[in-house]
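Student: query.txt is the file, holding compact mmCIF, C-alpha atoms (C1' of nucleotides):
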```txt
# COMPACT_ATOMS: atom_id res chain seq x y z
CA MET A 1 -20.47 3.31 -25.59
CA GLN A 2 -22.67 0.95 -23.63
CA LEU A 3 -23.57 1.72 -20.04
CA GLU A 4 -21.90 -1.45 -18.80
CA GLU A 5 -18.63 -0.49 -20.41
CA ALA A 6 -18.77 3.03 -19.00
CA LYS A 7 -19.49 1.72 -15.52
CA TYR A 8 -16.63 -0.69 -15.80
CA LYS A 9 -14.26 2.10 -16.79
CA PHE A 10 -15.33 4.22 -13.89
CA ILE A 11 -15.10 1.42 -11.34
CA GLU A 12 -11.66 0.56 -12.63
CA SER A 13 -10.34 4.13 -12.23
CA TRP A 14 -11.96 4.68 -8.90
CA GLY A 15 -10.38 1.49 -7.62
CA THR A 16 -6.96 2.64 -8.76
CA LEU A 17 -7.44 6.02 -7.11
CA GLY A 18 -8.42 4.32 -3.88
CA SER A 19 -5.37 2.13 -3.82
CA GLN A 20 -3.11 5.17 -4.23
CA TRP A 21 -4.86 6.57 -1.19
CA GLY A 22 -4.13 3.62 1.00
CA ILE A 23 -7.71 2.48 0.65
CA ASN A 24 -8.12 -1.02 -0.51
CA ARG A 25 -8.90 -1.43 -4.18
CA THR A 26 -11.91 -3.63 -3.70
CA MET A 27 -13.42 -1.29 -1.17
CA SER A 28 -13.22 1.60 -3.64
CA GLN A 29 -14.59 -0.56 -6.40
CA ILE A 30 -17.61 -1.62 -4.39
CA HIS A 31 -18.22 1.98 -3.50
CA ALA A 32 -17.91 3.03 -7.12
CA LEU A 33 -20.26 0.28 -8.24
CA LEU A 34 -22.96 1.30 -5.80
CA LEU A 35 -22.38 4.99 -6.41
CA VAL A 36 -23.37 4.75 -10.05
CA SER A 37 -26.04 2.13 -9.55
CA SER A 38 -29.69 3.15 -9.47
CA LYS A 39 -30.69 0.25 -7.28
CA SER A 40 -29.23 -1.31 -4.19
CA LEU A 41 -27.34 -4.55 -4.70
CA SER A 42 -27.03 -7.77 -2.73
CA ALA A 43 -23.73 -9.37 -1.74
CA GLU A 44 -24.44 -11.94 -4.45
CA GLU A 45 -24.76 -9.25 -7.10
CA ILE A 46 -21.64 -7.41 -5.98
CA MET A 47 -19.74 -10.70 -6.12
CA SER A 48 -20.69 -11.36 -9.69
CA GLU A 49 -20.34 -7.76 -10.90
CA LEU A 50 -16.81 -7.46 -9.57
CA ASN A 51 -15.75 -11.11 -9.70
CA ILE A 52 -14.76 -11.30 -6.10
CA SER A 53 -15.44 -13.76 -3.33
CA ARG A 54 -18.22 -13.69 -0.78
CA GLY A 55 -15.78 -13.10 2.07
CA ASN A 56 -14.17 -10.20 0.32
CA VAL A 57 -17.52 -8.55 -0.35
CA ASN A 58 -18.55 -9.00 3.24
CA MET A 59 -15.35 -7.51 4.68
CA ASN A 60 -15.30 -4.48 2.45
CA VAL A 61 -18.99 -3.76 2.64
CA ARG A 62 -18.63 -3.67 6.40
CA ALA A 63 -15.67 -1.34 6.14
CA LEU A 64 -17.69 0.95 3.87
CA MET A 65 -20.51 0.99 6.38
CA ASP A 66 -18.00 1.91 9.10
CA TRP A 67 -16.96 4.84 6.97
CA GLY A 68 -20.64 5.76 6.66
CA LEU A 69 -20.59 5.48 2.90
CA LEU A 70 -23.02 2.59 2.56
CA THR A 71 -26.28 1.62 4.20
CA LYS A 72 -28.07 -1.68 4.44
CA GLU A 73 -31.50 -1.97 2.99
CA LEU A 74 -33.98 -4.74 3.67
CA LYS A 75 -36.54 -5.51 1.05
CA SER A 76 -39.78 -6.99 2.31
CA GLY A 77 -40.30 -10.56 1.23
CA ASP A 78 -36.58 -11.05 0.75
CA ARG A 79 -34.10 -12.25 3.31
CA LYS A 80 -31.05 -10.89 1.53
CA GLU A 81 -29.38 -7.67 2.61
CA TYR A 82 -29.09 -5.01 -0.03
CA PHE A 83 -26.51 -2.25 -0.03
CA LYS A 84 -26.88 1.29 -1.14
CA ALA A 85 -24.42 4.16 -1.43
CA GLY A 86 -25.22 7.74 -0.48
CA LYS A 87 -25.24 9.84 -3.65
CA ASP A 88 -24.43 13.25 -2.18
CA ILE A 89 -20.85 13.95 -3.22
CA TRP A 90 -20.32 16.59 -0.54
CA GLU A 91 -21.38 14.22 2.14
CA ILE A 92 -19.17 11.51 0.71
CA ALA A 93 -16.25 13.92 0.64
CA ARG A 94 -16.89 14.98 4.23
CA LYS A 95 -17.07 11.41 5.44
CA ILE A 96 -13.91 10.34 3.66
CA THR A 97 -12.15 13.45 4.95
CA ALA A 98 -13.28 12.75 8.51
CA GLU A 99 -12.05 9.19 8.36
CA ARG A 100 -8.72 10.16 6.88
CA LYS A 101 -8.21 12.95 9.37
CA LYS A 102 -8.73 10.46 12.15
CA ARG A 103 -6.27 8.01 10.67
CA GLU A 104 -3.65 10.43 9.39
CA ILE A 105 -3.67 13.92 10.82
CA ASP A 106 -4.64 13.19 14.42
CA PRO A 107 -1.86 10.69 15.17
CA ILE A 108 0.87 12.86 13.67
CA LEU A 109 -0.42 15.92 15.52
CA ASP A 110 -0.22 13.94 18.73
CA VAL A 111 3.39 13.03 18.10
CA LEU A 112 4.33 16.54 17.05
CA SER A 113 2.72 18.27 20.03
CA GLN A 114 4.17 15.73 22.39
CA LEU A 115 7.64 16.26 20.92
CA GLU A 116 7.22 20.02 21.09
CA LYS A 117 6.33 19.92 24.79
CA GLU A 118 9.14 17.54 25.63
CA THR A 119 12.41 18.88 26.99
CA ILE A 120 15.07 17.51 24.71
CA GLU A 121 18.70 17.32 25.66
CA SER A 122 21.78 17.17 23.53
CA LYS A 123 25.38 18.28 23.40
CA ASP A 124 24.89 19.09 19.72
CA LYS A 125 23.35 22.55 20.09
CA GLU A 126 22.97 23.19 16.38
CA GLY A 127 21.33 19.82 15.85
CA LEU A 128 18.99 20.46 18.74
CA GLU A 129 17.94 23.83 17.36
CA THR A 130 17.27 22.43 13.90
CA PHE A 131 15.21 19.65 15.36
CA LYS A 132 13.17 21.93 17.56
CA SER A 133 12.46 24.43 14.84
CA SER A 134 11.52 21.76 12.29
CA ILE A 135 9.10 20.17 14.72
CA SER A 136 7.66 23.51 15.67
CA GLU A 137 7.12 24.54 12.05
CA LEU A 138 5.57 21.23 11.17
CA ASN A 139 3.33 21.40 14.16
CA LYS A 140 2.14 24.87 13.24
CA PHE A 141 1.46 23.80 9.68
CA THR A 142 -0.26 20.57 10.59
CA GLY A 143 -2.38 22.32 13.18
CA ARG A 144 -3.58 24.82 10.59
CA ALA A 145 -4.28 22.11 8.05
CA ASN A 146 -6.22 20.32 10.73
CA ASP A 147 -8.33 23.41 11.42
CA ILE A 148 -9.30 23.73 7.78
CA VAL A 149 -10.10 20.06 7.51
CA SER A 150 -12.20 20.14 10.69
CA LYS A 151 -14.11 23.10 9.39
CA PHE A 152 -14.75 21.29 6.12
CA ILE A 153 -16.00 18.19 7.89
CA ARG A 154 -18.56 20.23 9.79
CA SER A 155 -19.51 22.37 6.83
CA ASP A 156 -22.44 22.18 4.48
CA GLU A 157 -22.22 22.50 0.73
CA ASN A 158 -23.31 26.08 0.90
CA TRP A 159 -20.46 27.09 3.16
CA PHE A 160 -18.07 25.38 0.84
CA TYR A 161 -19.32 27.27 -2.21
CA LYS A 162 -19.04 30.58 -0.43
CA THR A 163 -15.57 29.81 0.84
CA LEU A 164 -14.54 28.64 -2.56
CA LEU A 165 -15.53 31.97 -4.06
CA LYS A 166 -13.42 33.73 -1.45
CA ILE A 167 -10.47 31.53 -2.20
CA ILE A 168 -10.60 31.77 -5.95
CA LYS A 169 -11.48 35.47 -5.56
CA MET B 1 14.57 12.95 26.44
CA GLN B 2 17.70 12.68 24.37
CA LEU B 3 17.80 14.22 20.90
CA GLU B 4 18.46 10.85 19.29
CA GLU B 5 15.38 9.37 20.86
CA ALA B 6 13.21 12.30 19.83
CA LYS B 7 14.49 12.09 16.27
CA TYR B 8 13.77 8.42 16.17
CA LYS B 9 10.21 8.96 17.36
CA PHE B 10 9.61 11.58 14.73
CA ILE B 11 11.11 9.53 11.91
CA GLU B 12 9.02 6.57 12.95
CA SER B 13 5.74 8.52 12.86
CA TRP B 14 6.55 10.32 9.68
CA GLY B 15 7.28 7.01 8.03
CA THR B 16 3.94 5.61 9.14
CA LEU B 17 2.14 8.67 7.87
CA GLY B 18 3.85 8.33 4.52
CA SER B 19 2.88 4.72 4.12
CA GLN B 20 -0.76 5.57 4.74
CA TRP B 21 -0.44 8.08 1.94
CA GLY B 22 0.80 5.58 -0.57
CA ILE B 23 4.31 6.93 -0.20
CA ASN B 24 6.86 4.36 0.63
CA ARG B 25 7.85 4.18 4.26
CA THR B 26 11.58 4.40 3.67
CA MET B 27 11.18 7.41 1.45
CA SER B 28 9.29 9.26 4.18
CA GLN B 29 11.81 8.19 6.79
CA ILE B 30 14.75 9.45 4.78
CA HIS B 31 12.92 12.71 4.28
CA ALA B 32 12.13 12.95 7.99
CA LEU B 33 15.72 12.21 8.90
CA LEU B 34 17.09 14.95 6.68
CA LEU B 35 14.34 17.36 7.64
CA VAL B 36 15.39 17.42 11.27
CA SER B 37 19.10 17.14 10.61
CA SER B 38 21.25 20.22 10.79
CA LYS B 39 23.80 18.86 8.36
CA SER B 40 23.55 17.06 5.07
CA LEU B 41 24.14 13.31 5.18
CA SER B 42 25.89 10.85 2.89
CA ALA B 43 24.32 7.64 1.64
CA GLU B 44 26.54 5.83 4.11
CA GLU B 45 25.19 7.84 7.03
CA ILE B 46 21.57 7.39 5.96
CA MET B 47 22.19 3.65 5.70
CA SER B 48 23.44 3.39 9.22
CA GLU B 49 20.94 5.81 10.77
CA LEU B 50 17.96 3.94 9.35
CA ASN B 51 19.45 0.47 9.10
CA ILE B 52 18.68 0.04 5.44
CA SER B 53 20.69 -1.13 2.48
CA ARG B 54 22.72 0.89 0.06
CA GLY B 55 20.36 0.11 -2.81
CA ASN B 56 17.34 1.17 -0.85
CA VAL B 57 18.93 4.50 0.09
CA ASN B 58 19.89 5.14 -3.49
CA MET B 59 16.43 4.42 -4.90
CA ASN B 60 14.55 6.50 -2.39
CA VAL B 61 16.95 9.39 -2.38
CA ARG B 62 16.49 9.61 -6.12
CA ALA B 63 12.72 9.52 -5.73
CA LEU B 64 12.92 12.33 -3.17
CA MET B 65 15.02 14.37 -5.56
CA ASP B 66 12.40 13.78 -8.27
CA TRP B 67 9.81 15.17 -5.91
CA GLY B 68 12.07 18.17 -5.37
CA LEU B 69 12.33 17.54 -1.64
CA LEU B 70 16.06 16.83 -1.52
CA THR B 71 19.13 18.28 -3.10
CA LYS B 72 22.61 16.91 -3.60
CA GLU B 73 25.50 18.70 -2.06
CA LEU B 74 29.14 18.21 -2.87
CA LYS B 75 31.71 18.99 -0.24
CA SER B 76 35.11 20.04 -1.48
CA GLY B 77 37.81 17.53 -0.73
CA ASP B 78 35.26 14.75 -0.48
CA ARG B 79 34.02 12.51 -3.22
CA LYS B 80 30.84 11.44 -1.47
CA GLU B 81 27.49 12.95 -2.30
CA TYR B 82 25.64 14.54 0.58
CA PHE B 83 21.90 15.03 0.72
CA LYS B 84 19.98 17.87 2.19
CA ALA B 85 16.26 18.50 2.66
CA GLY B 86 14.61 21.85 2.10
CA LYS B 87 13.40 23.17 5.46
CA ASP B 88 10.58 25.43 4.31
CA ILE B 89 7.40 23.58 5.28
CA TRP B 90 5.23 25.57 2.87
CA GLU B 91 7.44 24.68 0.00
CA ILE B 92 7.49 21.05 1.05
CA ALA B 93 3.71 21.04 1.25
CA ARG B 94 3.42 22.61 -2.19
CA LYS B 95 5.77 20.11 -3.73
CA ILE B 96 4.07 17.12 -2.19
CA THR B 97 0.70 18.51 -3.22
CA ALA B 98 1.88 19.04 -6.78
CA GLU B 99 3.19 15.51 -7.02
CA ARG B 100 0.05 14.01 -5.59
CA LYS B 101 -2.20 16.08 -7.81
CA LYS B 102 -0.31 14.75 -10.81
CA ARG B 103 -0.63 11.17 -9.66
CA GLU B 104 -4.13 11.24 -8.24
CA ILE B 105 -6.37 14.08 -9.32
CA ASP B 106 -5.28 14.48 -12.93
CA PRO B 107 -5.89 10.87 -14.01
CA ILE B 108 -9.30 10.66 -12.39
CA LEU B 109 -10.31 14.00 -13.88
CA ASP B 110 -9.34 12.66 -17.29
CA VAL B 111 -11.54 9.63 -16.89
CA LEU B 112 -14.45 11.63 -15.51
CA SER B 113 -14.41 14.27 -18.24
CA GLN B 114 -14.03 11.63 -20.89
CA LEU B 115 -17.00 9.70 -19.50
CA GLU B 116 -19.05 12.86 -19.27
CA LYS B 117 -18.43 13.73 -22.93
CA GLU B 118 -19.12 10.20 -24.12
CA THR B 119 -22.57 9.30 -25.46
CA ILE B 120 -23.67 6.35 -23.41
CA GLU B 121 -26.40 4.00 -24.49
CA SER B 122 -28.61 1.71 -22.48
CA LYS B 123 -32.12 0.32 -22.37
CA ASP B 124 -32.09 0.89 -18.62
CA LYS B 125 -33.11 4.55 -18.58
CA GLU B 126 -33.07 4.93 -14.81
CA GLY B 127 -29.65 3.29 -14.56
CA LEU B 128 -28.36 5.56 -17.29
CA GLU B 129 -29.61 8.67 -15.55
CA THR B 130 -28.09 7.67 -12.23
CA PHE B 131 -24.78 6.97 -13.89
CA LYS B 132 -24.72 10.25 -15.78
CA SER B 133 -25.65 12.34 -12.79
CA SER B 134 -23.14 10.62 -10.50
CA ILE B 135 -20.37 11.16 -12.99
CA SER B 136 -21.38 14.74 -13.55
CA GLU B 137 -21.48 15.52 -9.82
CA LEU B 138 -18.16 13.86 -9.24
CA ASN B 139 -16.65 15.71 -12.13
CA LYS B 140 -17.89 19.03 -10.82
CA PHE B 141 -16.56 18.28 -7.36
CA THR B 142 -13.21 16.99 -8.53
CA GLY B 143 -12.80 19.96 -10.85
CA ARG B 144 -13.34 22.36 -7.97
CA ALA B 145 -10.97 20.47 -5.71
CA ASN B 146 -8.45 20.60 -8.51
CA ASP B 147 -8.81 24.38 -8.82
CA ILE B 148 -8.13 24.87 -5.14
CA VAL B 149 -5.18 22.54 -5.20
CA SER B 150 -3.72 24.24 -8.27
CA LYS B 151 -4.07 27.60 -6.61
CA PHE B 152 -2.31 26.29 -3.52
CA ILE B 153 0.55 24.88 -5.56
CA ARG B 154 1.17 28.27 -7.14
CA SER B 155 0.66 30.21 -3.93
CA ASP B 156 3.11 31.64 -1.45
CA GLU B 157 2.88 31.39 2.29
CA ASN B 158 1.38 34.81 2.50
CA TRP B 159 -1.53 33.93 0.26
CA PHE B 160 -2.16 30.89 2.36
CA TYR B 161 -2.33 32.88 5.59
CA LYS B 162 -4.72 35.37 4.08
CA THR B 163 -6.94 32.65 2.67
CA LEU B 164 -6.88 30.83 5.92
CA LEU B 165 -8.19 33.89 7.71
CA LYS B 166 -11.01 34.13 5.22
CA ILE B 167 -11.89 30.50 5.69
CA ILE B 168 -11.80 30.46 9.44
CA LYS B 169 -13.43 33.91 9.45
C1' DA C 1 46.04 4.20 -17.83
C1' DT C 2 44.39 2.37 -13.65
C1' DA C 3 42.92 1.68 -9.23
C1' DA C 4 40.36 3.44 -5.55
C1' DA C 5 36.14 5.56 -4.21
C1' DC C 6 32.00 5.99 -4.98
C1' DT C 7 26.99 5.30 -7.30
C1' DT C 8 23.58 2.59 -9.78
C1' DT C 9 21.12 -1.44 -11.11
C1' DC C 10 18.38 -5.38 -10.65
C1' DA C 11 17.23 -10.35 -9.76
C1' DG C 12 15.87 -12.76 -6.07
C1' DA C 13 14.33 -12.75 -1.11
C1' DA C 14 11.50 -10.98 2.38
C1' DA C 15 7.75 -8.54 4.10
C1' DG C 16 3.29 -6.81 3.81
C1' DT C 17 -1.64 -6.99 2.02
C1' DA C 18 -5.61 -8.73 0.00
C1' DT C 19 -8.45 -12.65 -1.34
C1' DT C 20 -10.48 -17.00 -1.29
C1' DG C 21 -13.53 -20.53 0.17
C1' DA C 22 -15.11 -23.60 3.25
C1' DA C 23 -16.74 -24.05 7.87
C1' DA C 24 -19.10 -21.92 11.62
C1' DG C 25 -22.60 -18.86 13.06
C1' DT C 26 -27.13 -16.58 12.77
C1' DT C 27 -31.80 -15.69 11.51
C1' DT C 28 -36.33 -16.76 9.92
C1' DA C 29 -40.31 -19.30 8.09
C1' DG C 30 -43.11 -22.87 8.73
C1' DC D 1 -37.89 -27.32 16.62
C1' DT D 2 -35.26 -27.51 12.47
C1' DA D 3 -33.90 -26.86 7.96
C1' DA D 4 -33.09 -23.51 4.59
C1' DA D 5 -31.26 -19.10 3.58
C1' DC D 6 -28.35 -16.21 4.49
C1' DT D 7 -23.95 -13.73 6.84
C1' DT D 8 -19.54 -13.89 9.13
C1' DT D 9 -15.02 -15.56 10.17
C1' DC D 10 -10.41 -16.89 9.42
C1' DA D 11 -6.50 -20.01 8.07
C1' DA D 12 -4.34 -20.80 3.96
C1' DT D 13 -2.89 -18.87 -0.28
C1' DA D 14 -2.02 -15.56 -3.84
C1' DC D 15 -0.51 -11.25 -4.99
C1' DT D 16 2.05 -6.86 -4.53
C1' DT D 17 5.49 -4.07 -2.90
C1' DT D 18 9.74 -3.23 -0.87
C1' DC D 19 14.47 -4.36 0.26
C1' DT D 20 18.90 -6.49 -0.11
C1' DG D 21 23.41 -7.15 -1.67
C1' DA D 22 26.53 -8.27 -4.95
C1' DA D 23 27.92 -7.07 -9.51
C1' DA D 24 28.32 -3.59 -12.94
C1' DG D 25 29.00 1.14 -13.96
C1' DT D 26 31.09 5.74 -13.30
C1' DT D 27 34.17 9.25 -11.79
C1' DT D 28 38.39 11.15 -10.13
C1' DA D 29 43.19 11.46 -8.53
C1' DT D 30 47.54 10.37 -9.55
```
Once you've parsed the file, please lay out its structure as structure tokens.
Tutor:
Amino acid sequence: MQLEEAKYKFIESWGTLGSQWGINRTMSQIHALLLVSSKSLSAEEIMSELNISRGNVNMNVRALMDWGLLTKELKSGDRKEYFKAGKDIWEIARKITAERKKREIDPILDVLSQLEKETIESKDKEGLETFKSSISELNKFTGRANDIVSKFIRSDENWFYKTLLKIIK
Amino acid sequence: MQLEEAKYKFIESWGTLGSQWGINRTMSQIHALLLVSSKSLSAEEIMSELNISRGNVNMNVRALMDWGLLTKELKSGDRKEYFKAGKDIWEIARKITAERKKREIDPILDVLSQLEKETIESKDKEGLETFKSSISELNKFTGRANDIVSKFIRSDENWFYKTLLKIIK
DNA sequence: ATAAACTTTCAGAAAGTATTGAAAGTTTAG
DNA sequence: CTAAACTTTCAATACTTTCTGAAAGTTTAT
């Protein structure tokens, strides 16, 4: 298989994965492209590699920089901006996790804790009890999940390996 | 706050969470509704609680049953079908995890392992090396994540608590 | 057997998201 | 200063996903 074909396959799959995760397809594809590329690429090059418009490249490259997954690189004697992806998978994983925690876990935890504090009234005693206990269970679970995730975000690779050993036992 | 209002808030947030996860909003809302409900509900009741159509209820209730999150219940002397959500959060988490692993991790692992086995050719030696090492790192990482997830899916609540203690230390 | 009570299906409509491309904005070299 | 080289923005458009509702299908009681 030729390198170009292999890259294409990978970019394709990574894009699909991203879209299942609520991350836009193009954003994942740009990330994938830069992840397996040995050199940084200009907007122009990304456009032609992925057959997408200038505007689309610009938007998604900015989003990827917000996530901390891409950095700009300026080459001397060239006015173009070049983009480069960090290659450390653990760091990538931590950054994606951090961003997703912020978007997904934090808001639901807010709602759950707020609902748990709230005094809720109802004539339907059984319904009230079910509601309260469901919310309380969910809150407990989500809180724990959040603790693990937070720990992971702050961790280094080494910690992860050690923990992994403990888990797999 | 009245129970109805609290329920509505919860259903709303849960639906939003779901849609960020690539799970359809209505599906998450139906699940949320049944999760905090003390009694099982008919299609009719779900329709009017969530203001959605008969067809929509039917489709999503079936999807939820496929995920193993809902069960049908038949009441004697009544021809309607009633639906009921499992209340055990750990079990819910395991089921959702299993379903997502199947949809998300397994396919990408397939692609990654296939690409890693493949003999890839290119004149661009540096590009080739970067590609191979990225794929290999990703494959290692994804494989490990998969092991943890698989373990979790097969685990019971007890195992989870113990592991959690080890992780948090 | 059949009609009432219910469930399922699915084509078209509506809603939600992503993409384009051209115009506006910015930076830099000379 | 200004023109060329680039980046950013955003309204219009294309694409994707979800939802509706009416028709078709199924089951059950009599």
Student: Please indicate the distance in Å from atom CA of A:Ser38 to atom CA of A:Ser76, rounded to one decimal place.
Tutor: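 Between atom CA of A:Ser38 and atom CA of A:Ser76 the gap is 18.5 Å.
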Student: Please measure the separation of atom CA of A:Gly18 and atom CA of B:Trp21, giving the value in Å to one decimal.
Tutor: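 Spanning atom CA of A:Gly18 to atom CA of B:Trp21 is a straight-line distance of 10.6 Å.
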Student: Please provide the set of residues having any atom within 12 Å of D:DT9, restricted to all atoms listed in the file, with same-chain residues fewer than 6 positions apart removed, written as JSON, numbers by chain.
Tutor: {"A": [54, 55, 56, 58, 59], "C": [21, 22, 23, 24, 25]}
Student: Please produce an output containing C-alpha atoms (C1' of nucleotides) for each residue in the selection, written as a PDB file, in the frame of the given file.
Tutor:
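And here's selection.pdb as it stands now:
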```
ATOM      1  CA  ARG A  54     -18.220 -13.690  -0.780  1.00  0.00           C
ATOM      2  CA  GLY A  55     -15.780 -13.100   2.070  1.00  0.00           C
ATOM      3  CA  ASN A  56     -14.170 -10.200   0.320  1.00  0.00           C
ATOM      4  CA  ASN A  58     -18.550  -9.000   3.240  1.00  0.00           C
ATOM      5  CA  MET A  59     -15.350  -7.510   4.680  1.00  0.00           C
TER       6      MET A  59
ATOM      7  C1'  DG C  21     -13.530 -20.530   0.170  1.00  0.00           C
ATOM      8  C1'  DA C  22     -15.110 -23.600   3.250  1.00  0.00           C
ATOM      9  C1'  DA C  23     -16.740 -24.050   7.870  1.00  0.00           C
ATOM     10  C1'  DA C  24     -19.100 -21.920  11.620  1.00  0.00           C
ATOM     11  C1'  DG C  25     -22.600 -18.860  13.060  1.00  0.00           C
TER      12       DG C  25
END
```
Student: Can you work out the spacing between atom CA of A:Asn60 and atom CA of A:Asp88 in Å, to one decimal?
Tutor: 20.5 Å
Student: Find the residue from C:DA15, C:DA4, C:DT9, C:DT20 that sits nearest to chain A; use all atoms listed in the file when measuring.
Tutor: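 Closest to chain A, using all atoms listed in the file: C:DT20.
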Student: Return the single residue from A:Val57, A:Leu35, A:Ile167, A:Ile46 that is closest to chain D, with distances computed using all atoms listed in the file.
Tutor: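 Looking at the shortest contact to chain D, the residue is A:Val57.
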Student: Skip C:DC6 itself and residues of its chain fewer than 6 positions away, then list as a list in words all residues within 9 Å of it, counting all atoms listed in the file.
Tutor: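 Result of the neighbour search: Arg79, Lys80 and Glu81 of chain B; DT26 and DT27 of chain D.
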Student: Those residues with C-alpha atoms (C1' of nucleotides), as a PDB file, in the frame of the given file please?
Tutor:
```pdb
ATOM      1  CA  ARG B  79      34.020  12.510  -3.220  1.00  0.00           C
ATOM      2  CA  LYS B  80      30.840  11.440  -1.470  1.00  0.00           C
ATOM      3  CA  GLU B  81      27.490  12.950  -2.300  1.00  0.00           C
TER       4      GLU B  81
ATOM      5  C1'  DT D  26      31.090   5.740 -13.300  1.00  0.00           C
ATOM      6  C1'  DT D  27      34.170   9.250 -11.790  1.00  0.00           C
TER       7       DT D  27
END
```
Student: Which residues come within 8 Å of stretch 127-137 of chain A, counting only C-alpha atoms (C1' of nucleotides), excluding same-chain residues fewer than 3 positions away, as a list in words?
Tutor: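 My list of contacting residues is Leu112, Leu115, Glu116, Ile120, Glu121, Ser122, Asp124, Lys140 and Phe141 of chain A; Leu3, Lys7, Leu35, Val36, Ser37, Ser38, Lys39, Lys87 and Ile89 of chain B.
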Student: Can you work out which residues from chain C touch chain A at a cut-off of 10 Å (counting only C-alpha atoms (C1' of nucleotides)) and hand them back as a list of chain:residue names?
Tutor: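 In the required form, that comes to C:DT17, C:DA18, C:DT19, C:DT20, C:DG21, C:DT27, C:DT28.
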Student: With the cut-off set at 10 Å and counting all atoms listed in the file, tabulate each residue of chain D with an atom at most that distance from an atom of chain B, showing the nearest atom pair and its distance in Å to one decimal, ordered by chain and increasing number, as a tab-separated table.
Tutor:
```
residue	atom	partner	partner_atom	distance
D:DT17	C1'	B:Asn24	CA	9.2
D:DT18	C1'	B:Asn24	CA	8.3
D:DC19	C1'	B:Asn56	CA	6.3
D:DT20	C1'	B:Ser53	CA	6.2
D:DG21	C1'	B:Ser53	CA	7.8
D:DT27	C1'	B:Arg79	CA	9.2
D:DT28	C1'	B:Arg79	CA	8.3
```
Student: Based on the selection just made, write C-alpha atoms (C1' of nucleotides) of those residues as a PDB file, in the frame of the given file.
Tutor:
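Generated file (result08.pdb):
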```pdb
ATOM      1  C1'  DT D  17       5.490  -4.070  -2.900  1.00  0.00           C
ATOM      2  C1'  DT D  18       9.740  -3.230  -0.870  1.00  0.00           C
ATOM      3  C1'  DC D  19      14.470  -4.360   0.260  1.00  0.00           C
ATOM      4  C1'  DT D  20      18.900  -6.490  -0.110  1.00  0.00           C
ATOM      5  C1'  DG D  21      23.410  -7.150  -1.670  1.00  0.00           C
ATOM      6  C1'  DT D  27      34.170   9.250 -11.790  1.00  0.00           C
ATOM      7  C1'  DT D  28      38.390  11.150 -10.130  1.00  0.00           C
TER       8       DT D  28
END
```
Student: Using all atoms listed in the file, which of the listed residues (B:Ile148, B:Ala43, B:Met65, B:Ile30) sits closest to chain A?
Tutor: B:Ile148
Student: Counting only C-alpha atoms, figure out which residue out of B:Leu165, B:Met1, B:Leu70, B:Val61 gets nearest to chain A.
Tutor: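 Once distances to chain A are computed over only C-alpha atoms, the minimum belongs to B:Met1.
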Student: Neighbours of B:Leu41 within 10 Å (all atoms listed in the file; same-chain residues fewer than 6 positions away dropped), as a VMD selection string?
Tutor: chain B and resid 33 to 34 47 49 72 to 73 80 to 85
Student: Mind filling out stretch 65-75 of chain B with N, CA and C atoms and sending it as a PDB file, keeping the file's coordinate frame?
Tutor:
```pdb
ATOM      1  N   MET B  65      14.524  13.287  -4.730  1.00  0.00           N
ATOM      2  CA  MET B  65      15.020  14.370  -5.560  1.00  0.00           C
ATOM      3  C   MET B  65      14.037  14.650  -6.700  1.00  0.00           C
ATOM      4  N   ASP B  66      13.440  13.576  -7.250  1.00  0.00           N
ATOM      5  CA  ASP B  66      12.400  13.780  -8.270  1.00  0.00           C
ATOM      6  C   ASP B  66      11.237  14.619  -7.748  1.00  0.00           C
ATOM      7  N   TRP B  67      10.896  14.393  -6.505  1.00  0.00           N
ATOM      8  CA  TRP B  67       9.810  15.170  -5.910  1.00  0.00           C
ATOM      9  C   TRP B  67      10.258  16.606  -5.589  1.00  0.00           C
ATOM     10  N   GLY B  68      11.549  16.839  -5.678  1.00  0.00           N
ATOM     11  CA  GLY B  68      12.070  18.170  -5.370  1.00  0.00           C
ATOM     12  C   GLY B  68      12.215  18.424  -3.880  1.00  0.00           C
ATOM     13  N   LEU B  69      12.269  17.363  -3.097  1.00  0.00           N
ATOM     14  CA  LEU B  69      12.330  17.540  -1.640  1.00  0.00           C
ATOM     15  C   LEU B  69      13.763  17.483  -1.103  1.00  0.00           C
ATOM     16  N   LEU B  70      14.663  16.974  -1.933  1.00  0.00           N
ATOM     17  CA  LEU B  70      16.060  16.830  -1.520  1.00  0.00           C
ATOM     18  C   LEU B  70      16.982  17.409  -2.576  1.00  0.00           C
ATOM     19  N   THR B  71      18.116  17.892  -2.134  1.00  0.00           N
ATOM     20  CA  THR B  71      19.130  18.280  -3.100  1.00  0.00           C
ATOM     21  C   THR B  71      20.467  17.625  -2.746  1.00  0.00           C
ATOM     22  N   LYS B  72      21.261  17.442  -3.780  1.00  0.00           N
ATOM     23  CA  LYS B  72      22.610  16.910  -3.600  1.00  0.00           C
ATOM     24  C   LYS B  72      23.526  18.043  -3.186  1.00  0.00           C
ATOM     25  N   GLU B  73      24.523  17.700  -2.451  1.00  0.00           N
ATOM     26  CA  GLU B  73      25.500  18.700  -2.060  1.00  0.00           C
ATOM     27  C   GLU B  73      26.868  18.070  -2.178  1.00  0.00           C
ATOM     28  N   LEU B  74      27.795  18.774  -2.778  1.00  0.00           N
ATOM     29  CA  LEU B  74      29.140  18.210  -2.870  1.00  0.00           C
ATOM     30  C   LEU B  74      30.061  19.000  -1.961  1.00  0.00           C
ATOM     31  N   LYS B  75      30.775  18.290  -1.120  1.00  0.00           N
ATOM     32  CA  LYS B  75      31.710  18.990  -0.240  1.00  0.00           C
ATOM     33  C   LYS B  75      33.098  18.914  -0.853  1.00  0.00           C
TER      34      LYS B  75
END
```
